[in-house]
Amino acid sequence: METPAELFARNTTVSINSLIHRPKQKPFGWLRWSEEFLMESSCDAVPRIADSTKSVWRRLIWALLFLAALGILLSQIVILMQSYFAYPVAVNVEYNFSKSLSFPAVTFCNLNPIRNSKIKGTRFEKLKDREPTNSASRVADLSSIGVVAAKSNTTGNEKEGNSSGNMDFDLGGINYQQSFLYDNFLKALDKAFTASFADEIVVEHKFEELHPTFDELRQMGHQLDDMLLDCMWKGLPCSASDFVTFQNYKYGNCFTFNSGRNQAGDSVPLQSTSKPGPANGLLFDVTLQQEEYIGSLSSKAGVRVLIHSQDVVPFPEEEGIDAAPGSATSIGIKLVTVNRLPYPWDNCTDGSGMESIYDEQYGYHRYSMQACMKSCLAKVVVERCACTSYQFPLPEQLICAKAAANETEANCVEAVYEDYVFDKIKCDCPQSCHNNLYDTTLSAATWPSLNHEALFREKMDKLNRTISKKTGTAFHNNFARIQVYYKEMNYQHISQTKGYPTSRLLADIGGQMGLWLGLSVLSALEFIEFLMLTVHYIRNRKGKENVNRGSAVV
């Protein structure tokens, strides 16, 4: 057992030896601090580069590998950022089922805008100035270019024994005279049809020059009470009170079923259906009143039918289908909803802050590109010509004068329309971000059938409706039946989604960091911490140097 004196002597010897043989320590400074910090980094290459106990060549090789991996990482990040800021879009198409679907608005217009019986004694009586085409003059046109010669030549063939009287076109070698006559016959037909088409264009232009107001179209156009013969909604009777009337510059009075409002403009509940098929849709019969048609103005007979959403402005002159007289036209529909992304992914808008000239006529309606384009056109006409075209629902006192009264205004409006057609007027009218569209399938059958005509007349008599006493073709050409229904309760949803969302960008950047440098988010934060501490160390060191200099001066 050691005595206290021996124990003290031994401990003193150990302390002296430890002081003598203690390894030299590096002076505390930034290099020492940074080495200790980087040696604890979670990035795989950094501790190997910072370890001063390793050879210089080994540390240099690891530094070069780190820089190469860092360069590749930065290049990949640049590529990822370019892909992100290209704002790609992915389109998703979904087929969904609904137990109940809102029924669309159904608009129909007579293809004849104003009634013949209403133009007498008015400025629209000029529409009857054109005389019917003289068939003799058409024959003269044909004979003037050699078609009569074809007939004479055919007669000659009959005398020579060709009893059929037909020109024999041999595929091996067509007779020169026969070919000449046939070509000229086609030219004559083309000339005849071109002249007829030109006549229609002239009359339409004359109708535009008369500048009918919406009030005139309302009074002179076909009336719903006269046109609508019968109406059924899901097998139950409906009436004219279920329709609202508006005016269209091309078709006059148009009538909309299930518009979401009544004629006074008050909101009413929308109709919906829970079953597909004709029995669960809309059916209505109309009389076309062809006796009221102005032949020079309406080259076609029938009704224009448009299926649309309740919250958009209907434009039957640009959309819709023609339903022919003497037929039952069935229109099967399927709902298609479209959702687009706003800028910068796609160029669409919800119309916020954009004004429309149709606000007063239709009340609230959702933005549509067609309404925007027409509003833009109306605005340009007013700006350039100090008046507006009769086509737009603006105050009547702003309507430009007809050409006969003011040629300057008429020429101005015509010049604006020409610029509009050739895209010289720039209108900022992107697509709507949300649309409800209706895919249609059409079919038609003769209606009423010959044996059903008597029953149809009897039904009209019970409804106290006086219909035409004409029979046969003249009777059938004056009536039309329209059926609109859902083909199925499935609807299609088309939506745009971000093709490269932010979450995917971050995941890709993280994957590249882990692949090339073995970094995570926390590892990246270590480098940020290192930079912040370095800045703090430098600032403190400069502060101490300034204090020391001040003390030395004193």
# chains A, B, ... in the order shown; residues from 1 in each chain; ligands from 1

$ residues_around --residues "A:Gln361" --least-positions-apart "6" --cutoff "10 Å" --atoms "only C-alpha atoms" --output "PyMOL selection string"
chain A and resi 246-247+265+313+393-394

$ residues_around --residues "stretch 49-60 of chain A" --least-positions-apart "3" --cutoff "8 Å" --atoms "only C-alpha atoms" --output "JSON, numbers by chain"
{"A": [35, 38, 39, 45, 46, 63, 64]}

$ select_by_dssp --residues "stretch 348-445 of chain A" --states "strand (DSSP E or B)" --output "CSV table (one decimal) with C-alpha atoms, in the first residue's frame"
chain,number,residue,atom,x,y,z
A,348,CYS,CA,-58.4,30.7,-70.9
A,349,THR,CA,-60.5,33.1,-68.8
A,388,THR,CA,-73.4,50.5,-84.4
A,399,ILE,CA,-77.8,52.1,-85.3
A,431,GLN,CA,-61.5,30.4,-74.6
A,432,SER,CA,-63.7,30.0,-71.6
A,434,HIS,CA,-65.4,26.1,-68.1
A,435,ASN,CA,-67.8,24.8,-70.8
A,436,ASN,CA,-70.8,22.6,-70.8
A,437,LEU,CA,-71.1,21.1,-74.3
A,438,TYR,CA,-73.6,18.8,-75.8
A,439,ASP,CA,-72.6,16.1,-78.2
A,440,THR,CA,-75.5,15.4,-80.6
A,441,THR,CA,-76.6,12.4,-82.7
A,442,LEU,CA,-79.2,13.2,-85.3
A,443,SER,CA,-81.8,11.0,-87.0
A,444,ALA,CA,-84.9,11.9,-89.0
A,445,ALA,CA,-88.0,10.2,-90.4

$ closest_residue --among "A:Met532, A:Leu517, A:Val336, A:Val484" --to "A:Phe97" --atoms "only C-alpha atoms"
A:Val336

$ atom_distance --atom1 "atom CA of A:Tyr362" --atom2 "atom CA of A:Lys374"
14.6 Å

$ closest_residue --among "A:Gly252, A:Gly332, A:Pro501, A:Pro212" --to "A:Tyr87" --atoms "only C-alpha atoms"
A:Pro501

$ atom_distance --atom1 "atom CA of A:Leu450" --atom2 "atom CA of A:Pro237"
25.0 Å
